[in-house]
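A.B. asks: Below is a structure I'd like to ask you about.
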Amino acid sequence: MTATATTQLPTDWRDFYALTKPRVMSLVIFTGLCGLLAAPGSIHPVLGFTAILCIALGAGGAATLNQWWERDLDAGMKRTAARPIPGGRMDPTNARDFGIALSAASVLIMGVAVDWLAAIILAVSILYYAVVYTIWLKPRTPQNIVIGGGAGAFPPMIGWVAVTGEITLMPVLLFAIIFTWTPPHFWALALFVQSDYAKVGIPMMPVVKGAASTRRQILLYAVLLLPLAAAPWLIGETGAIYGVAALALSALFVALCLPVAFRTAAEGDRMLPEKRLFGYSVFYLFALFAALVADAVARNHGWIA
Amino acid sequence: MTPEEEAEFRRRQKSRNWVLAGVLVFFVLLFYAITIVRM
């Protein structure tokens, strides 16, 4: 059988599914759902489900367009070479059309069924990830992760606005929290994972500015995150459950960043502080948003002020 | 196309059709529910 005959086979549906990056989508669904549940007011469960579905579809569409654009880069990196397009299992044009269809459907359904402001923010988030981040800034600046963090920061804001129909300080704060959380989360990973980004010309921070500078910036963002995470409580938008959880979780985040910030790793280092920080950063986001929802539920039931 | 290739072709086509049918039925039900809720 020749290679040409292989590519003529219809693409397996699982490859379309894989294009949407289902694992990244789980965090997007979780934070979007938390924004929706923590927002003041109520939304019919069917419309709430539709809003979360649209956030997930939009994230899937943006991830698909990202892989369509980066197919040549992906082919050059071990971690991504087996993705559906560089793996030769899917025609790039089909992937592009699939990504556009998912993105357009998510925005239209969100607008018609739930709320047009939420739909507009969803459209902005898809364009931000697929165009501003993927096409424009990722290959050009070592600040790419800082900028890319914006894409991941939209879901709780969209969930919140789907309920309230307006942008207030709280959804902006939720955006700012994930935005500030992303660089220490990703750079901790970048410090201990041998990546091929340098080989394909993507200017990641540890490669461009060196490990020492990256380590200091991890600490800087973690310190910035502490007041930002506590801000919803300080301005009186949440109760003590969230406030105490935010302060404790963020203080531990800073504490775990300290050993990472002030050490140098020799060849063959096991990178335990970096691995611990990365693992904790994932837990941090889940726990912080879970506390936000728990706080809202407790206040709605009159359990706390 | 060899018989094996044709069998694989048909298998993939069939599984794609089933998935697409499922997605369409899901959206029919969802839009029905949305319409009732928003009435």
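As shown in the structure tokens, the chain order sets the letters A, B, ...; within each chain, residues go from 1, and ligands are also counted from 1 in the order they appear.
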With chain A as the partner and 7 Å as the cut-off, tabulate the residues of chain B that qualify, each row holding the nearest pair of atoms and their distance in Å to one decimal, using only C-alpha atoms, sorted by chain and rising number, as a Markdown table.

C.D. replies:
| residue | atom | partner | partner_atom | distance |
| --- | --- | --- | --- | --- |
| B:Phe9 | CA | A:Leu9 | CA | 5.8 |
| B:Arg12 | CA | A:Asp12 | CA | 5.9 |
| B:Gln13 | CA | A:Pro10 | CA | 6.6 |
| B:Arg16 | CA | A:Trp13 | CA | 5.6 |
| B:Ile34 | CA | A:Ala113 | CA | 6.6 |

A.B. asks: I'd like the neighbourhood of Met204 (chain A) as a list in words, where a residue qualifies if any of its atoms comes within 9 Å (using only C-alpha atoms), though same-chain residues fewer than 2 positions away should be ignored.

C.D. replies: Lys138, Pro139, Thr141, Pro142, Gln143, Asn144, Ile145, Trp187, Ala190, Tyr197, Ala198, Gly201, Ile202, Pro206, Val207, Val208 and Lys209 of chain A

A.B. asks: Go ahead and compute the interatomic distance for CA of Lys21 (chain A) and CA of Leu288 (chain A), in Å to one decimal.

C.D. replies: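 Pair CA of Lys21 (chain A) / CA of Leu288 (chain A) returns 23.5 Å.
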
A.B. asks: Just how far from CA of Ala95 (chain A) is CA of Ala21 (chain B), in Å to one decimal?

C.D. replies: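 Going from CA of Ala21 (chain B) over to CA of Ala95 (chain A) covers 19.7 Å.
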
A.B. asks: Please return as a ChimeraX atom specification: the residues of region 43-220 of chain A that backbone DSSP assigns to helix (DSSP H, G or I).

C.D. replies: /A:45-69,71-75,92-114,116-137,144-164,169-192,205-208,211-220

A.B. asks: What is the CA of Gly88 (chain A) to CA of Phe16 (chain A) distance in Å?

C.D. replies: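 Separation of CA of Gly88 (chain A) and CA of Phe16 (chain A): 12.9 Å.
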
A.B. asks: Write out as a ChimeraX atom specification the residues lying within 7 Å of region 269-282 of chain A, counting only C-alpha atoms and excluding same-chain residues fewer than 6 positions away.

C.D. replies: /A:185,188-189,192,256-257,259-260

A.B. asks: Can those selected residues be exported to a file as a PDB file, in the first residue's frame so that it contains C-alpha atoms?

C.D. replies:
ATOM      1  CA  HIS A 185       2.258  27.500  35.506  1.00  0.00           C
ATOM      2  CA  ALA A 188       7.544  25.719  35.592  1.00  0.00           C
ATOM      3  CA  LEU A 189       6.724  23.022  33.020  1.00  0.00           C
ATOM      4  CA  PHE A 192      11.790  20.587  33.356  1.00  0.00           C
ATOM      5  CA  LEU A 256       6.622  26.900  46.323  1.00  0.00           C
ATOM      6  CA  CYS A 257       7.973  29.480  43.844  1.00  0.00           C
ATOM      7  CA  PRO A 259      12.974  27.534  45.924  1.00  0.00           C
ATOM      8  CA  VAL A 260      12.366  27.504  42.150  1.00  0.00           C
TER       9      VAL A 260
END

A.B. asks: Using only C-alpha atoms, which protein or nucleic acid residues come within 7 Å of region 64-79 of chain A? Drop anything in the same chain fewer than 2 positions from it, and give the result as an mmCIF file with all heavy atoms, in the first residue's frame.

C.D. replies:
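Ended up saving to selection.cif:
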data_model
loop_
_atom_site.group_PDB
_atom_site.id
_atom_site.type_symbol
_atom_site.label_atom_id
_atom_site.label_comp_id
_atom_site.auth_asym_id
_atom_site.auth_seq_id
_atom_site.Cartn_x
_atom_site.Cartn_y
_atom_site.Cartn_z
ATOM 1 N N LEU A 19 -8.325 16.826 17.432
ATOM 2 C CA LEU A 19 -7.966 18.189 17.028
ATOM 3 C C LEU A 19 -8.469 19.241 18.018
ATOM 4 O O LEU A 19 -7.902 20.323 18.112
ATOM 5 C CB LEU A 19 -8.583 18.499 15.660
ATOM 6 C CG LEU A 19 -7.812 18.123 14.395
ATOM 7 C CD1 LEU A 19 -8.573 18.635 13.195
ATOM 8 C CD2 LEU A 19 -6.414 18.713 14.398
ATOM 9 N N THR A 20 -9.550 18.921 18.740
ATOM 10 C CA THR A 20 -10.134 19.907 19.651
ATOM 11 C C THR A 20 -9.403 19.960 20.994
ATOM 12 O O THR A 20 -9.825 20.702 21.887
ATOM 13 C CB THR A 20 -11.624 19.603 19.910
ATOM 14 O OG1 THR A 20 -11.727 18.319 20.556
ATOM 15 C CG2 THR A 20 -12.420 19.561 18.621
ATOM 16 N N GLY A 60 -12.577 24.269 21.275
ATOM 17 C CA GLY A 60 -12.221 23.211 20.332
ATOM 18 C C GLY A 60 -11.930 23.765 18.947
ATOM 19 O O GLY A 60 -10.973 23.354 18.280
ATOM 20 N N GLY A 61 -12.739 24.726 18.523
ATOM 21 C CA GLY A 61 -12.530 25.361 17.217
ATOM 22 C C GLY A 61 -11.205 26.100 17.171
ATOM 23 O O GLY A 61 -10.435 25.993 16.198
ATOM 24 N N ALA A 62 -10.907 26.853 18.260
ATOM 25 C CA ALA A 62 -9.656 27.611 18.314
ATOM 26 C C ALA A 62 -8.452 26.665 18.334
ATOM 27 O O ALA A 62 -7.443 26.908 17.652
ATOM 28 C CB ALA A 62 -9.648 28.510 19.548
ATOM 29 N N ALA A 81 4.426 15.565 16.716
ATOM 30 C CA ALA A 81 4.561 15.047 15.344
ATOM 31 C C ALA A 81 3.453 14.063 14.967
ATOM 32 O O ALA A 81 3.155 13.881 13.787
ATOM 33 C CB ALA A 81 5.928 14.392 15.178
ATOM 34 N N ILE A 85 -2.836 16.168 11.719
ATOM 35 C CA ILE A 85 -2.383 16.751 10.437
ATOM 36 C C ILE A 85 -0.927 16.386 10.127
ATOM 37 O O ILE A 85 -0.661 15.803 9.072
ATOM 38 C CB ILE A 85 -2.589 18.283 10.395
ATOM 39 C CG1 ILE A 85 -4.017 18.628 10.827
ATOM 40 C CG2 ILE A 85 -2.310 18.821 8.994
ATOM 41 C CD1 ILE A 85 -4.281 20.116 10.959
ATOM 42 N N PRO A 86 0.055 16.667 11.054
ATOM 43 C CA PRO A 86 1.428 16.241 10.728
ATOM 44 C C PRO A 86 1.554 14.722 10.609
ATOM 45 O O PRO A 86 2.440 14.228 9.908
ATOM 46 C CB PRO A 86 2.268 16.788 11.888
ATOM 47 C CG PRO A 86 1.314 17.114 12.972
ATOM 48 C CD PRO A 86 0.010 17.418 12.319
ATOM 49 N N PRO A 92 -5.139 19.151 5.662
ATOM 50 C CA PRO A 92 -5.153 20.424 6.389
ATOM 51 C C PRO A 92 -6.393 21.264 6.098
ATOM 52 O O PRO A 92 -6.930 21.923 6.993
ATOM 53 C CB PRO A 92 -3.890 21.131 5.902
ATOM 54 C CG PRO A 92 -2.996 20.051 5.437
ATOM 55 C CD PRO A 92 -3.874 18.955 4.925
ATOM 56 N N ALA A 95 -9.226 20.229 8.208
ATOM 57 C CA ALA A 95 -9.040 20.665 9.595
ATOM 58 C C ALA A 95 -9.412 22.139 9.727
ATOM 59 O O ALA A 95 -10.106 22.532 10.673
ATOM 60 C CB ALA A 95 -7.598 20.433 10.024
ATOM 61 N N ARG A 96 -8.966 22.956 8.766
ATOM 62 C CA ARG A 96 -9.273 24.391 8.806
ATOM 63 C C ARG A 96 -10.790 24.618 8.770
ATOM 64 O O ARG A 96 -11.341 25.365 9.573
ATOM 65 C CB ARG A 96 -8.613 25.088 7.609
ATOM 66 C CG ARG A 96 -8.823 26.592 7.574
ATOM 67 C CD ARG A 96 -8.559 27.134 6.189
ATOM 68 N NE ARG A 96 -9.534 26.587 5.234
ATOM 69 C CZ ARG A 96 -9.419 26.678 3.911
ATOM 70 N NH1 ARG A 96 -8.363 27.252 3.377
ATOM 71 N NH2 ARG A 96 -10.347 26.174 3.119
ATOM 72 N N GLY A 99 -12.402 23.650 12.013
ATOM 73 C CA GLY A 99 -12.155 24.658 13.043
ATOM 74 C C GLY A 99 -13.042 25.882 12.865
ATOM 75 O O GLY A 99 -13.612 26.401 13.829
ATOM 76 N N ALA A 130 -6.529 32.136 18.077
ATOM 77 C CA ALA A 130 -6.164 31.619 16.750
ATOM 78 C C ALA A 130 -5.342 32.613 15.946
ATOM 79 O O ALA A 130 -4.470 32.215 15.171
ATOM 80 C CB ALA A 130 -7.429 31.225 15.988
ATOM 81 N N THR A 134 -1.613 32.599 18.106
ATOM 82 C CA THR A 134 -1.006 31.561 17.267
ATOM 83 C C THR A 134 -0.262 32.135 16.058
ATOM 84 O O THR A 134 0.891 31.781 15.798
ATOM 85 C CB THR A 134 -2.097 30.589 16.770
ATOM 86 O OG1 THR A 134 -2.732 29.993 17.895
ATOM 87 C CG2 THR A 134 -1.489 29.507 15.893
ATOM 88 N N ASP A 196 11.257 20.853 22.065
ATOM 89 C CA ASP A 196 11.927 21.123 20.786
ATOM 90 C C ASP A 196 11.560 22.491 20.233
ATOM 91 O O ASP A 196 11.746 22.753 19.062
ATOM 92 C CB ASP A 196 11.523 20.071 19.736
ATOM 93 C CG ASP A 196 11.555 18.662 20.262
ATOM 94 O OD1 ASP A 196 12.438 18.392 21.082
ATOM 95 O OD2 ASP A 196 10.715 17.847 19.840
ATOM 96 N N VAL A 200 12.310 24.492 16.270
ATOM 97 C CA VAL A 200 11.385 24.979 15.240
ATOM 98 C C VAL A 200 11.234 26.504 15.271
ATOM 99 O O VAL A 200 10.403 27.075 14.576
ATOM 100 C CB VAL A 200 9.985 24.316 15.359
ATOM 101 C CG1 VAL A 200 10.079 22.835 15.063
ATOM 102 C CG2 VAL A 200 9.368 24.556 16.728
#

A.B. asks: Choose the residue, out of A:Ala104, A:Met170, A:Leu224, A:Leu37, that has the smallest atom-to-atom separation from Ala291 (chain A); count only C-alpha atoms.

C.D. replies: A:Leu37
